[in-house]
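Coordinates from structure00.cif are shown below (mmCIF, C-alpha atoms).
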data_query
#
loop_
_atom_site.label_atom_id
_atom_site.label_comp_id
_atom_site.auth_asym_id
_atom_site.auth_seq_id
_atom_site.Cartn_x
_atom_site.Cartn_y
_atom_site.Cartn_z
CA MET A 28 -40.95 33.94 33.62
CA MET A 29 -41.24 30.71 35.57
CA LEU A 30 -42.00 27.34 34.04
CA MET A 31 -44.77 25.36 35.71
CA VAL A 32 -45.20 21.69 34.83
CA SER A 33 -48.34 19.78 35.71
CA VAL A 34 -47.59 16.44 37.30
CA GLN A 35 -49.64 13.54 38.60
CA ASN A 36 -47.18 11.85 40.95
CA LEU A 37 -43.71 12.01 42.48
CA ASP A 38 -42.00 10.33 39.52
CA GLU A 39 -43.31 13.00 37.17
CA ALA A 40 -42.44 15.73 39.66
CA ARG A 41 -38.83 14.48 39.75
CA GLU A 42 -38.67 14.49 35.95
CA ALA A 43 -40.01 18.04 35.90
CA VAL A 44 -37.58 19.34 38.52
CA ASN A 45 -34.62 17.57 36.92
CA GLY A 46 -35.61 19.24 33.65
CA LYS A 47 -35.41 22.61 35.49
CA ALA A 48 -39.08 23.34 36.02
CA ASP A 49 -39.57 26.13 38.57
CA ILE A 50 -42.97 24.94 39.76
CA VAL A 51 -44.59 21.53 39.88
CA ASP A 52 -48.34 21.70 39.78
CA VAL A 53 -49.93 18.63 41.29
CA LYS A 54 -53.23 17.64 39.74
CA ASN A 55 -55.31 14.58 38.93
CA LEU A 56 -56.26 14.07 35.31
CA ASP A 57 -58.51 11.11 36.11
CA GLU A 58 -61.13 13.40 37.59
CA VAL A 59 -63.60 15.28 35.39
CA PHE A 60 -62.11 18.38 33.80
CA ILE A 61 -59.10 18.89 36.07
CA GLY A 62 -59.27 17.43 39.54
CA SER A 63 -57.34 17.44 42.77
CA ASN A 64 -54.77 14.85 43.64
CA TYR A 65 -54.77 12.89 46.87
CA PRO A 66 -53.21 14.40 50.01
CA PRO A 67 -50.55 11.67 50.37
CA VAL A 68 -49.34 12.35 46.81
CA ILE A 69 -49.12 16.09 47.47
CA ARG A 70 -47.33 15.49 50.78
CA GLU A 71 -44.83 13.20 49.08
CA VAL A 72 -44.10 15.71 46.31
CA ARG A 73 -43.74 18.60 48.74
CA ALA A 74 -41.36 16.61 50.94
CA ALA A 75 -39.16 15.65 48.00
CA PHE A 76 -37.99 19.16 47.09
CA PRO A 77 -36.61 22.24 48.83
CA LYS A 78 -38.84 25.26 49.34
CA GLU A 79 -37.33 27.04 46.32
CA ILE A 80 -39.14 24.54 44.12
CA HIS A 81 -42.71 25.70 44.25
CA VAL A 82 -45.35 23.03 44.65
CA SER A 83 -48.76 24.21 43.61
CA VAL A 84 -51.97 22.32 44.09
CA THR A 85 -54.88 22.57 41.73
CA LEU A 86 -58.43 22.11 42.88
CA GLY A 87 -59.60 22.25 39.28
CA SER A 88 -63.08 23.54 38.68
CA VAL A 89 -64.67 23.68 42.11
CA PRO A 90 -68.30 23.08 43.14
CA ASN A 91 -70.49 25.98 44.20
CA GLN A 92 -70.02 25.14 47.87
CA ALA A 93 -67.88 27.65 49.70
CA GLY A 94 -67.33 25.59 52.85
CA THR A 95 -66.23 22.52 50.96
CA VAL A 96 -63.81 24.50 48.81
CA ALA A 97 -62.44 26.47 51.78
CA LEU A 98 -61.72 23.22 53.59
CA ALA A 99 -59.90 21.86 50.52
CA VAL A 100 -57.84 25.06 50.40
CA TYR A 101 -57.08 24.68 54.09
CA GLY A 102 -55.92 21.14 53.32
CA ALA A 103 -53.53 22.43 50.66
CA ALA A 104 -52.07 24.86 53.18
CA ALA A 105 -51.71 22.08 55.77
CA LEU A 106 -49.71 20.18 53.16
CA HIS A 107 -47.44 23.23 52.76
CA ALA A 108 -48.35 23.86 49.15
CA THR A 109 -46.77 27.03 47.79
CA SER A 110 -50.06 27.94 46.17
CA VAL A 111 -53.53 26.57 45.63
CA LYS A 112 -55.54 27.21 42.51
CA VAL A 113 -59.30 27.53 42.65
CA GLY A 114 -61.02 27.43 39.27
CA PHE A 115 -64.55 28.31 38.30
CA VAL A 116 -66.77 27.07 35.53
CA ASP A 117 -70.49 26.88 36.16
CA VAL A 118 -70.60 29.49 38.93
CA SER A 119 -71.85 33.08 38.95
CA TYR A 120 -69.39 35.89 39.59
CA ASP A 121 -70.88 36.61 43.01
CA ASP A 122 -70.73 32.97 44.04
CA ALA A 123 -67.12 32.69 42.85
CA LEU A 124 -66.23 35.79 44.85
CA HIS A 125 -67.91 34.37 47.94
CA ILE A 126 -66.00 31.10 47.57
CA LEU A 127 -62.68 32.91 47.15
CA ASN A 128 -63.37 35.14 50.14
CA GLU A 129 -63.91 32.03 52.27
CA CYS A 130 -60.75 30.48 50.82
CA LYS A 131 -58.78 33.58 51.76
CA ARG A 132 -60.19 33.37 55.26
CA ALA A 133 -59.21 29.70 55.43
CA LEU A 134 -55.62 30.62 54.54
CA GLU A 135 -55.18 33.18 57.32
CA GLY A 136 -51.86 32.60 59.05
CA SER A 137 -50.63 30.39 56.23
CA GLU A 138 -47.89 31.06 53.67
CA THR A 139 -49.85 29.31 50.92
CA LYS A 140 -50.89 31.69 48.15
CA LEU A 141 -54.41 31.76 46.77
CA ILE A 142 -54.78 31.77 43.00
CA ALA A 143 -58.09 32.54 41.29
CA ALA A 144 -58.51 30.67 38.03
CA THR A 145 -60.87 30.96 35.11
CA PHE A 146 -60.97 29.10 31.84
CA ALA A 147 -60.57 30.74 28.46
CA ASP A 148 -63.10 28.34 26.94
CA SER A 149 -65.61 28.46 29.79
CA HIS A 150 -68.32 29.75 27.43
CA LEU A 151 -68.45 26.18 26.07
CA TYR A 152 -69.33 24.95 29.54
CA GLY A 153 -71.68 27.68 30.70
CA GLY A 154 -69.01 29.24 32.84
CA ILE A 155 -68.09 32.75 33.87
CA ASP A 156 -66.31 35.16 31.56
CA PRO A 157 -62.57 34.41 31.85
CA LYS A 158 -61.80 38.10 31.51
CA LEU A 159 -63.34 38.65 34.95
CA VAL A 160 -60.40 36.84 36.53
CA VAL A 161 -58.46 39.99 37.40
CA LYS A 162 -61.48 41.61 39.05
CA LEU A 163 -62.24 38.35 40.84
CA ALA A 164 -58.69 37.92 42.11
CA SER A 165 -58.41 41.53 43.17
CA GLU A 166 -61.77 41.75 44.96
CA SER A 167 -61.12 38.51 46.82
CA ARG A 168 -57.60 39.61 47.82
CA SER A 169 -56.19 36.54 46.10
CA ASP A 170 -52.44 36.52 45.47
CA GLY A 171 -52.62 35.75 41.80
CA MET A 172 -54.64 34.79 38.78
CA LEU A 173 -54.51 31.97 36.23
CA ILE A 174 -56.21 31.58 32.88
CA ASP A 175 -56.31 27.98 31.67
CA THR A 176 -58.45 25.92 29.29
CA LEU A 177 -60.69 22.94 29.85
CA THR A 178 -60.89 21.82 26.23
CA LYS A 179 -58.11 19.35 25.51
CA ASP A 180 -58.90 18.56 21.87
CA GLY A 181 -55.93 20.19 20.21
CA ARG A 182 -57.11 23.75 20.59
CA ASN A 183 -55.28 25.88 23.10
CA LEU A 184 -55.43 29.13 25.03
CA PHE A 185 -54.90 31.31 21.97
CA ASP A 186 -57.85 29.73 20.16
CA PHE A 187 -60.09 31.30 22.77
CA ILE A 188 -58.46 34.57 23.81
CA SER A 189 -56.33 36.83 21.64
CA GLU A 190 -52.82 38.01 22.42
CA PRO A 191 -53.89 41.66 22.94
CA GLU A 192 -56.66 40.61 25.32
CA LEU A 193 -54.31 38.41 27.34
CA ALA A 194 -51.63 41.10 27.39
CA LYS A 195 -54.17 43.58 28.74
CA LEU A 196 -55.30 41.20 31.48
CA VAL A 197 -51.73 40.34 32.49
CA THR A 198 -50.65 43.99 32.69
CA GLU A 199 -53.79 44.94 34.59
CA ALA A 200 -53.19 42.13 37.09
CA LYS A 201 -49.57 43.13 37.60
CA GLU A 202 -50.63 46.70 38.29
CA LEU A 203 -52.76 45.34 41.11
CA GLY A 204 -49.84 43.37 42.51
CA LEU A 205 -51.17 39.99 41.42
CA SER A 206 -49.02 37.18 40.11
CA THR A 207 -50.03 36.11 36.63
CA ALA A 208 -50.10 32.67 35.06
CA LEU A 209 -51.21 31.37 31.68
CA SER A 210 -51.66 27.78 30.60
CA GLY A 211 -53.88 25.69 28.36
CA ALA A 212 -52.26 23.21 25.95
CA LEU A 213 -49.35 25.56 25.33
CA LYS A 214 -46.52 24.50 23.04
CA ILE A 215 -43.11 25.80 22.07
CA SER A 216 -44.72 27.33 18.98
CA ASN A 217 -46.65 29.63 21.36
CA PHE A 218 -43.56 30.86 23.20
CA ASP A 219 -42.94 33.92 21.02
CA THR A 220 -46.43 35.13 21.85
CA LEU A 221 -46.09 34.22 25.52
CA VAL A 222 -42.85 36.17 25.91
CA ARG A 223 -44.53 39.19 24.32
CA ILE A 224 -47.36 38.89 26.85
CA ASN A 225 -44.94 38.10 29.68
CA PRO A 226 -46.98 36.40 32.41
CA ASP A 227 -45.02 35.54 35.55
CA ILE A 228 -45.72 31.85 35.04
CA VAL A 229 -46.26 29.64 31.98
CA GLY A 230 -47.90 26.27 32.59
CA VAL A 231 -47.45 23.19 30.41
CA ARG A 232 -48.09 19.47 30.45
CA GLY A 233 -48.72 17.99 26.99
CA ALA A 234 -45.64 19.74 25.60
CA VAL A 235 -43.40 17.95 28.10
CA CYS A 236 -45.03 14.51 27.96
CA LYS A 237 -43.92 11.54 25.89
CA ASN A 238 -45.50 11.87 22.43
CA GLU A 239 -47.02 15.13 23.65
CA ASP A 240 -49.86 13.06 25.10
CA ARG A 241 -50.99 14.75 28.32
CA TYR A 242 -53.07 11.72 29.39
CA LYS A 243 -51.20 8.57 28.33
CA GLY A 244 -47.72 10.06 28.19
CA ARG A 245 -45.67 10.89 31.24
CA VAL A 246 -43.58 13.96 31.94
CA GLU A 247 -40.04 13.56 30.61
CA ARG A 248 -37.09 15.55 31.90
CA SER A 249 -35.54 15.96 28.44
CA ALA A 250 -38.76 17.52 27.14
CA VAL A 251 -38.97 19.79 30.17
CA ALA A 252 -35.36 20.86 29.64
CA THR A 253 -36.06 21.61 25.97
CA VAL A 254 -39.13 23.68 26.82
CA LYS A 255 -37.23 25.57 29.52
CA LYS A 256 -34.36 26.28 27.15
CA GLU A 257 -36.71 27.51 24.41
CA LEU A 258 -38.34 29.86 26.89
CA GLU A 259 -34.99 31.17 28.11
CA LEU A 260 -33.71 31.77 24.57
CA ARG A 261 -36.66 34.05 23.92
CA MET A 262 -36.42 35.79 27.29
CA GLU A 263 -32.73 36.48 26.65
CA GLY A 264 -33.44 37.83 23.18
CA LYS A 265 -31.47 35.06 21.47
CA ILE A 266 -34.63 34.15 19.62
CA PRO A 267 -36.33 37.41 18.63
CA VAL A 268 -40.04 37.63 19.43
CA PHE A 269 -40.68 41.21 18.37
CA THR A 270 -40.86 42.87 15.00
CA ASP A 271 -38.70 45.98 14.52
CA SER A 272 -41.65 48.30 15.16
CA GLU A 273 -42.25 46.77 18.60
CA MET B 9 -36.14 63.58 34.55
CA LEU B 10 -36.87 60.91 37.15
CA LEU B 11 -34.81 57.73 37.21
CA ILE B 12 -36.16 54.38 38.30
CA ASP B 13 -33.53 51.72 38.74
CA ALA B 14 -35.57 48.55 38.56
CA THR B 15 -32.63 46.35 37.64
CA GLN B 16 -33.14 44.32 40.80
CA LYS B 17 -36.87 43.95 40.19
CA ASN B 18 -38.79 41.24 38.40
CA CYS B 19 -42.32 40.30 37.52
CA LYS B 20 -44.85 42.66 39.08
CA GLY B 21 -42.05 44.55 40.89
CA VAL B 22 -41.22 46.70 37.88
CA ILE B 23 -44.82 47.76 37.36
CA THR B 24 -45.22 48.46 41.06
CA GLU B 25 -42.30 50.91 40.83
CA LEU B 26 -43.80 52.57 37.75
CA GLU B 27 -47.19 52.93 39.41
CA LYS B 28 -45.51 55.05 42.09
CA VAL B 29 -44.49 57.72 39.57
CA ARG B 30 -47.70 57.98 37.57
CA GLN B 31 -48.55 61.34 39.08
CA ALA B 32 -45.18 62.71 37.97
CA ILE B 33 -45.65 61.44 34.41
CA ASP B 34 -49.17 62.86 34.31
CA SER B 35 -47.76 66.24 35.26
CA GLY B 36 -45.30 66.14 32.36
CA GLU B 37 -42.21 64.58 33.93
CA LYS B 38 -40.21 62.04 31.91
CA VAL B 39 -39.22 58.83 33.64
CA GLU B 40 -36.15 56.87 32.69
CA THR B 41 -36.50 53.25 33.71
CA LEU B 42 -33.67 50.75 33.90
CA VAL B 43 -34.66 47.10 33.67
CA VAL B 44 -32.87 43.86 32.99
CA GLY B 45 -34.15 41.35 30.45
CA ILE B 46 -36.74 41.24 27.73
CA PRO B 47 -39.63 40.22 30.01
CA ASN B 48 -39.20 43.36 32.10
CA ARG B 49 -38.89 45.49 28.96
CA VAL B 50 -42.17 43.96 27.81
CA ASP B 51 -43.78 44.97 31.08
CA VAL B 52 -42.64 48.59 30.85
CA CYS B 53 -43.88 48.93 27.25
CA ALA B 54 -47.21 47.22 27.98
CA TRP B 55 -47.76 49.34 31.06
CA ALA B 56 -46.97 52.56 29.21
CA ARG B 57 -49.33 51.62 26.37
CA ARG B 58 -52.15 50.77 28.77
CA LYS B 59 -51.79 54.04 30.63
CA GLY B 60 -51.75 56.07 27.43
CA TYR B 61 -48.06 56.96 27.81
CA VAL B 62 -45.33 56.56 25.26
CA VAL B 63 -41.87 54.99 25.39
CA GLU B 64 -40.13 57.82 23.56
CA ARG B 65 -36.61 56.48 23.72
CA GLU B 66 -35.06 53.09 24.26
CA ASN B 67 -31.44 51.97 24.54
CA ARG B 68 -30.02 48.57 25.18
CA ASP B 69 -26.72 47.72 26.78
CA GLY B 70 -26.36 43.94 26.91
CA SER B 71 -29.32 42.68 28.86
CA THR B 72 -30.09 46.09 30.42
CA PHE B 73 -32.75 48.28 28.83
CA ARG B 74 -33.07 52.02 29.42
CA LEU B 75 -36.58 53.21 28.54
CA THR B 76 -37.82 56.78 28.73
CA VAL B 77 -41.53 56.97 29.44
CA SER B 78 -43.49 60.18 29.04
CA ARG B 79 -46.98 61.57 28.62
CA ARG B 80 -48.23 61.65 25.01
#

Kindly return the structure encoded in the file as C-alpha cells.
Amino acid sequence: MMLMVSVQNLDEAREAVNGKADIVDVKNLDEVFIGSNYPPVIREVRAAFPKEIHVSVTLGSVPNQAGTVALAVYGAAALHATSVKVGFVDVSYDDALHILNECKRALEGSETKLIAATFADSHLYGGIDPKLVVKLASESRSDGMLIDTLTKDGRNLFDFISEPELAKLVTEAKELGLSTALSGALKISNFDTLVRINPDIVGVRGAVCKNEDRYKGRVERSAVATVKKELELRMEGKIPVFTDSE
Amino acid sequence: MLLIDATQKNCKGVITELEKVRQAIDSGEKVETLVVGIPNRVDVCAWARRKGYVVERENRDGSTFRLTVSRR
C-alpha cells in the first residue's frame, strides 16, 4: 500500500518525500471543493524528484465540459504527472463517462495515468453515486479509481461508506486491473480498517499537517514519517488488524 | 492441486493471477496461492469471498502466506 500526501507547493512536497511518502498529490485548497494547482507549481514539484516518486495532479471536481477537462488532462501529461485525477460531483453518469473518454483520448501516447474519482459524500452535493466509480473507470478505460470526500468538517470516508462496501469496490476494481485509492480525512485511527480493505493507495493531508489542520497547517515530515510507520506496522502484521476469525 | 506463486506480485497483480485460474476452481480444482505480506493475503481472502469460494487452509511462514482456495 502506497502513501499519498496532498501538497500545495514544493516545500510541502519536500516534507512529504522526506517523510517517506510514495506519492505527492498536487492540489490547490484555495479553490472551491478541491481545485487544481498552477502549472509552474506542478512543473517545479515534478522536477524536484526522481521518477520513482509519483507526482499526481488533481483536477478536483471538474465542470461538465469535456473539451475543457480533456485539455487540462493533456496539460497534466505535458507536465509529466504520473497520474491525473478527474473527479465528478454534479454530473450525470453518461456525461462523466463522456468526459473520461475524451480525457483518455487526450492522454494517447502519454505515460500519465488517468484516474476516475468520485466522492463518498456526493449525495450532499447532488452528485453521482460514488459506488459507480468502478464501472465508470472500467468503461472509460481509465487506469485507476479514487474515492474521496468533499466534506471537510470532521467527518471522513467511513462516515459515508462502510468498510464492507469499500472492500467490495476495491476488490472489484482490482479484478478489472484498476489501481485503487481511498482518501477523505483519513487518520491513523482508520488504518486498521484501511489495511483490511487494502487499496493500493491511501491518501492523507490533515493527518500529516501541523495541528492536523489541512488548511492552515502545512505538511510536516515528522507527521508523514509517523503515518507511514503506522501503516507499515499494520501491513507487516506487527499491529494486528484482524480478529482471530478473519 | 494448482500452485500459484505470487510472491513477486503486488497490488492488483495477485488478483490478476487468481482470475486466470477461476475456471479450474469452478471445476473443483484447489488452488494453493503463495503471497508475501498481509495486504496480499487480504486480497486473496477478499477475492475468494467475492467469488463465492472459500480459503480452506492457511499457513504462515514469516511474511509468506500459503492459502488454499477452493469451491464451496

For this session: Residues of chain B no more than 6 Å from chain A, counting only C-alpha atoms: send them over as a list in words.
Result: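 The answer, sorted by residue number, is Cys19, Lys20, Ile23, Ile46 and Pro47 of chain B.
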
Export of the given selection (C-alpha atoms) as an mmCIF file, in the frame of the given file:
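The result, stored in result-v4.cif:
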data_model
loop_
_atom_site.group_PDB
_atom_site.id
_atom_site.type_symbol
_atom_site.label_atom_id
_atom_site.label_comp_id
_atom_site.auth_asym_id
_atom_site.auth_seq_id
_atom_site.Cartn_x
_atom_site.Cartn_y
_atom_site.Cartn_z
ATOM 1 C CA CYS B 19 -42.320 40.300 37.520
ATOM 2 C CA LYS B 20 -44.850 42.660 39.080
ATOM 3 C CA ILE B 23 -44.820 47.760 37.360
ATOM 4 C CA ILE B 46 -36.740 41.240 27.730
ATOM 5 C CA PRO B 47 -39.630 40.220 30.010
#

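Taken over the shown file, the PyMOL selection byres ((chain A and resi 65) around 10) identifies Gln35, Asn36, Val53, Lys54, Asn55, Gly62, Ser63, Asn64, Pro66, Pro67, Val68, Ile69 and Arg70 of chain A.
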
Exercise. Any idea what's packed within 10 Å of range 184-191 of chain A, counting all atoms listed in the file, ignoring anything in its chain fewer than 6 positions away? Could you give it as an MDAnalysis selection string?
Worked result: chainID A and resid 146:150 157:158 174:178 197 209:213 217 220:221 223:224

Selection dump of the PyMOL selection byres ((chain A and resi 40) around 10), as a PDB file with C-alpha atoms, in the frame of the given file:
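Below is the file result26.pdb, written as the result:
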ATOM      1  CA  VAL A  32     -45.200  21.690  34.830  1.00  0.00           C
ATOM      2  CA  SER A  33     -48.340  19.780  35.710  1.00  0.00           C
ATOM      3  CA  VAL A  34     -47.590  16.440  37.300  1.00  0.00           C
ATOM      4  CA  GLN A  35     -49.640  13.540  38.600  1.00  0.00           C
ATOM      5  CA  ASN A  36     -47.180  11.850  40.950  1.00  0.00           C
ATOM      6  CA  LEU A  37     -43.710  12.010  42.480  1.00  0.00           C
ATOM      7  CA  ASP A  38     -42.000  10.330  39.520  1.00  0.00           C
ATOM      8  CA  GLU A  39     -43.310  13.000  37.170  1.00  0.00           C
ATOM      9  CA  ARG A  41     -38.830  14.480  39.750  1.00  0.00           C
ATOM     10  CA  GLU A  42     -38.670  14.490  35.950  1.00  0.00           C
ATOM     11  CA  ALA A  43     -40.010  18.040  35.900  1.00  0.00           C
ATOM     12  CA  VAL A  44     -37.580  19.340  38.520  1.00  0.00           C
ATOM     13  CA  ASN A  45     -34.620  17.570  36.920  1.00  0.00           C
ATOM     14  CA  GLY A  46     -35.610  19.240  33.650  1.00  0.00           C
ATOM     15  CA  ALA A  48     -39.080  23.340  36.020  1.00  0.00           C
ATOM     16  CA  ILE A  50     -42.970  24.940  39.760  1.00  0.00           C
ATOM     17  CA  VAL A  51     -44.590  21.530  39.880  1.00  0.00           C
ATOM     18  CA  ASP A  52     -48.340  21.700  39.780  1.00  0.00           C
ATOM     19  CA  VAL A  53     -49.930  18.630  41.290  1.00  0.00           C
ATOM     20  CA  VAL A  72     -44.100  15.710  46.310  1.00  0.00           C
ATOM     21  CA  ARG A  73     -43.740  18.600  48.740  1.00  0.00           C
ATOM     22  CA  ALA A  75     -39.160  15.650  48.000  1.00  0.00           C
ATOM     23  CA  PHE A  76     -37.990  19.160  47.090  1.00  0.00           C
ATOM     24  CA  VAL A  82     -45.350  23.030  44.650  1.00  0.00           C
ATOM     25  CA  VAL A 246     -43.580  13.960  31.940  1.00  0.00           C
ATOM     26  CA  GLU A 247     -40.040  13.560  30.610  1.00  0.00           C
ATOM     27  CA  ARG A 248     -37.090  15.550  31.900  1.00  0.00           C
TER      28      ARG A 248
END

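Remark: for Asp170 in chain A, the closest of the candidate residues A:Ala104, A:Leu141, A:Ala74, A:Asp121 is A:Leu141 (distances computed over only C-alpha atoms).
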
Work out where the centre of an axis-aligned box around every listed atom of range 31-36 of chain B lies and how long its edges are once 3 Å is added on each side; give both in Å to one decimal as AutoDock Vina command-line options.
--center_x -47.2 --center_y 63.8 --center_z 35.7 --size_x 10.0 --size_y 10.9 --size_z 12.7

Exercise. If the PyMOL selection byres ((chain B and resi 30) around 12) is run on the structure shown, which residues does it catch, given as number ranges by chain?
Worked result: A: 202; B: 10, 23-29, 31-39, 55-56, 59-61, 77-79

With C-alpha atoms retained, could you export that selection as an mmCIF file, in the frame of the given file?
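And here is the file that came out, selection_1.cif:
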data_model
loop_
_atom_site.group_PDB
_atom_site.id
_atom_site.type_symbol
_atom_site.label_atom_id
_atom_site.label_comp_id
_atom_site.auth_asym_id
_atom_site.auth_seq_id
_atom_site.Cartn_x
_atom_site.Cartn_y
_atom_site.Cartn_z
ATOM 1 C CA GLU A 202 -50.630 46.700 38.290
ATOM 2 C CA LEU B 10 -36.870 60.910 37.150
ATOM 3 C CA ILE B 23 -44.820 47.760 37.360
ATOM 4 C CA THR B 24 -45.220 48.460 41.060
ATOM 5 C CA GLU B 25 -42.300 50.910 40.830
ATOM 6 C CA LEU B 26 -43.800 52.570 37.750
ATOM 7 C CA GLU B 27 -47.190 52.930 39.410
ATOM 8 C CA LYS B 28 -45.510 55.050 42.090
ATOM 9 C CA VAL B 29 -44.490 57.720 39.570
ATOM 10 C CA GLN B 31 -48.550 61.340 39.080
ATOM 11 C CA ALA B 32 -45.180 62.710 37.970
ATOM 12 C CA ILE B 33 -45.650 61.440 34.410
ATOM 13 C CA ASP B 34 -49.170 62.860 34.310
ATOM 14 C CA SER B 35 -47.760 66.240 35.260
ATOM 15 C CA GLY B 36 -45.300 66.140 32.360
ATOM 16 C CA GLU B 37 -42.210 64.580 33.930
ATOM 17 C CA LYS B 38 -40.210 62.040 31.910
ATOM 18 C CA VAL B 39 -39.220 58.830 33.640
ATOM 19 C CA TRP B 55 -47.760 49.340 31.060
ATOM 20 C CA ALA B 56 -46.970 52.560 29.210
ATOM 21 C CA LYS B 59 -51.790 54.040 30.630
ATOM 22 C CA GLY B 60 -51.750 56.070 27.430
ATOM 23 C CA TYR B 61 -48.060 56.960 27.810
ATOM 24 C CA VAL B 77 -41.530 56.970 29.440
ATOM 25 C CA SER B 78 -43.490 60.180 29.040
ATOM 26 C CA ARG B 79 -46.980 61.570 28.620
#

Exercise. For the atom pair CA of Ala105 in chain A and CA of Gly230 in chain A, what is the interatomic distance in Å to one decimal place?
Worked result: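 Those two atoms sit 23.9 Å apart.
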
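For the pair CA of Ala208 in chain A and CA of Ala143 in chain A, the separation is 10.1 Å.
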
For this session: May I have the residues at most 9 Å from (-35.0, 54.7, 35.7) in the file's coordinates, counting all atoms listed in the file, as a list in words?
Result: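 Those residues, ordered by chain and then number, are Leu10, Leu11, Ile12, Asp13, Ala14, Thr15, Val39, Glu40, Thr41, Leu42, Val43, Arg74, Leu75 and Thr76 of chain B.
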
For this session: Have a look at B:Arg49, B:Arg58, B:Arg68, B:Arg80 and name the one nearest to Asn18 in chain B; count all atoms listed in the file.
Result: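 Closest to Asn18 in chain B of all the choices is B:Arg49.
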
Problem set entry | Selected residue, from A:Leu193, A:Leu56, A:Val235, A:Val229, that lies nearest to Leu258 in chain A when counting all atoms listed in the file |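 The closest residue to Leu258 in chain A is A:Val229.
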
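Between CA of Arg241 in chain A and CA of Cys130 in chain A lies a distance of 29.1 Å.
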
Can I get a file of range 45-75 of chain B from the given structure, C-alpha atoms kept, as a PDB file, in the first residue's frame?
ATOM      1  CA  GLY B  45       2.607  -9.697   3.226  1.00  0.00           C
ATOM      2  CA  ILE B  46      -0.704  -9.025   4.870  1.00  0.00           C
ATOM      3  CA  PRO B  47      -2.037  -6.755   2.112  1.00  0.00           C
ATOM      4  CA  ASN B  48      -1.726  -9.540  -0.443  1.00  0.00           C
ATOM      5  CA  ARG B  49      -3.290 -12.029   1.966  1.00  0.00           C
ATOM      6  CA  VAL B  50      -6.192  -9.592   2.329  1.00  0.00           C
ATOM      7  CA  ASP B  51      -6.591  -9.523  -1.437  1.00  0.00           C
ATOM      8  CA  VAL B  52      -6.707 -13.306  -1.774  1.00  0.00           C
ATOM      9  CA  CYS B  53      -9.305 -13.646   1.012  1.00  0.00           C
ATOM     10  CA  ALA B  54     -11.445 -10.784  -0.310  1.00  0.00           C
ATOM     11  CA  TRP B  55     -11.311 -12.136  -3.838  1.00  0.00           C
ATOM     12  CA  ALA B  56     -12.259 -15.640  -2.716  1.00  0.00           C
ATOM     13  CA  ARG B  57     -15.176 -14.300  -0.663  1.00  0.00           C
ATOM     14  CA  ARG B  58     -16.453 -12.195  -3.552  1.00  0.00           C
ATOM     15  CA  LYS B  59     -16.332 -15.105  -5.962  1.00  0.00           C
ATOM     16  CA  GLY B  60     -18.132 -17.418  -3.560  1.00  0.00           C
ATOM     17  CA  TYR B  61     -15.007 -19.509  -2.925  1.00  0.00           C
ATOM     18  CA  VAL B  62     -13.505 -20.441   0.395  1.00  0.00           C
ATOM     19  CA  VAL B  63      -9.988 -20.212   1.820  1.00  0.00           C
ATOM     20  CA  GLU B  64      -9.991 -23.689   3.323  1.00  0.00           C
ATOM     21  CA  ARG B  65      -6.466 -23.687   4.682  1.00  0.00           C
ATOM     22  CA  GLU B  66      -3.947 -21.029   5.558  1.00  0.00           C
ATOM     23  CA  ASN B  67      -0.356 -21.258   6.777  1.00  0.00           C
ATOM     24  CA  ARG B  68       2.108 -18.533   7.530  1.00  0.00           C
ATOM     25  CA  ASP B  69       5.859 -18.724   7.378  1.00  0.00           C
ATOM     26  CA  GLY B  70       7.290 -15.335   8.342  1.00  0.00           C
ATOM     27  CA  SER B  71       5.822 -12.862   5.917  1.00  0.00           C
ATOM     28  CA  THR B  72       4.813 -15.532   3.372  1.00  0.00           C
ATOM     29  CA  PHE B  73       1.235 -16.818   3.389  1.00  0.00           C
ATOM     30  CA  ARG B  74       0.137 -20.083   1.790  1.00  0.00           C
ATOM     31  CA  LEU B  75      -3.615 -20.044   1.140  1.00  0.00           C
TER      32      LEU B  75
END
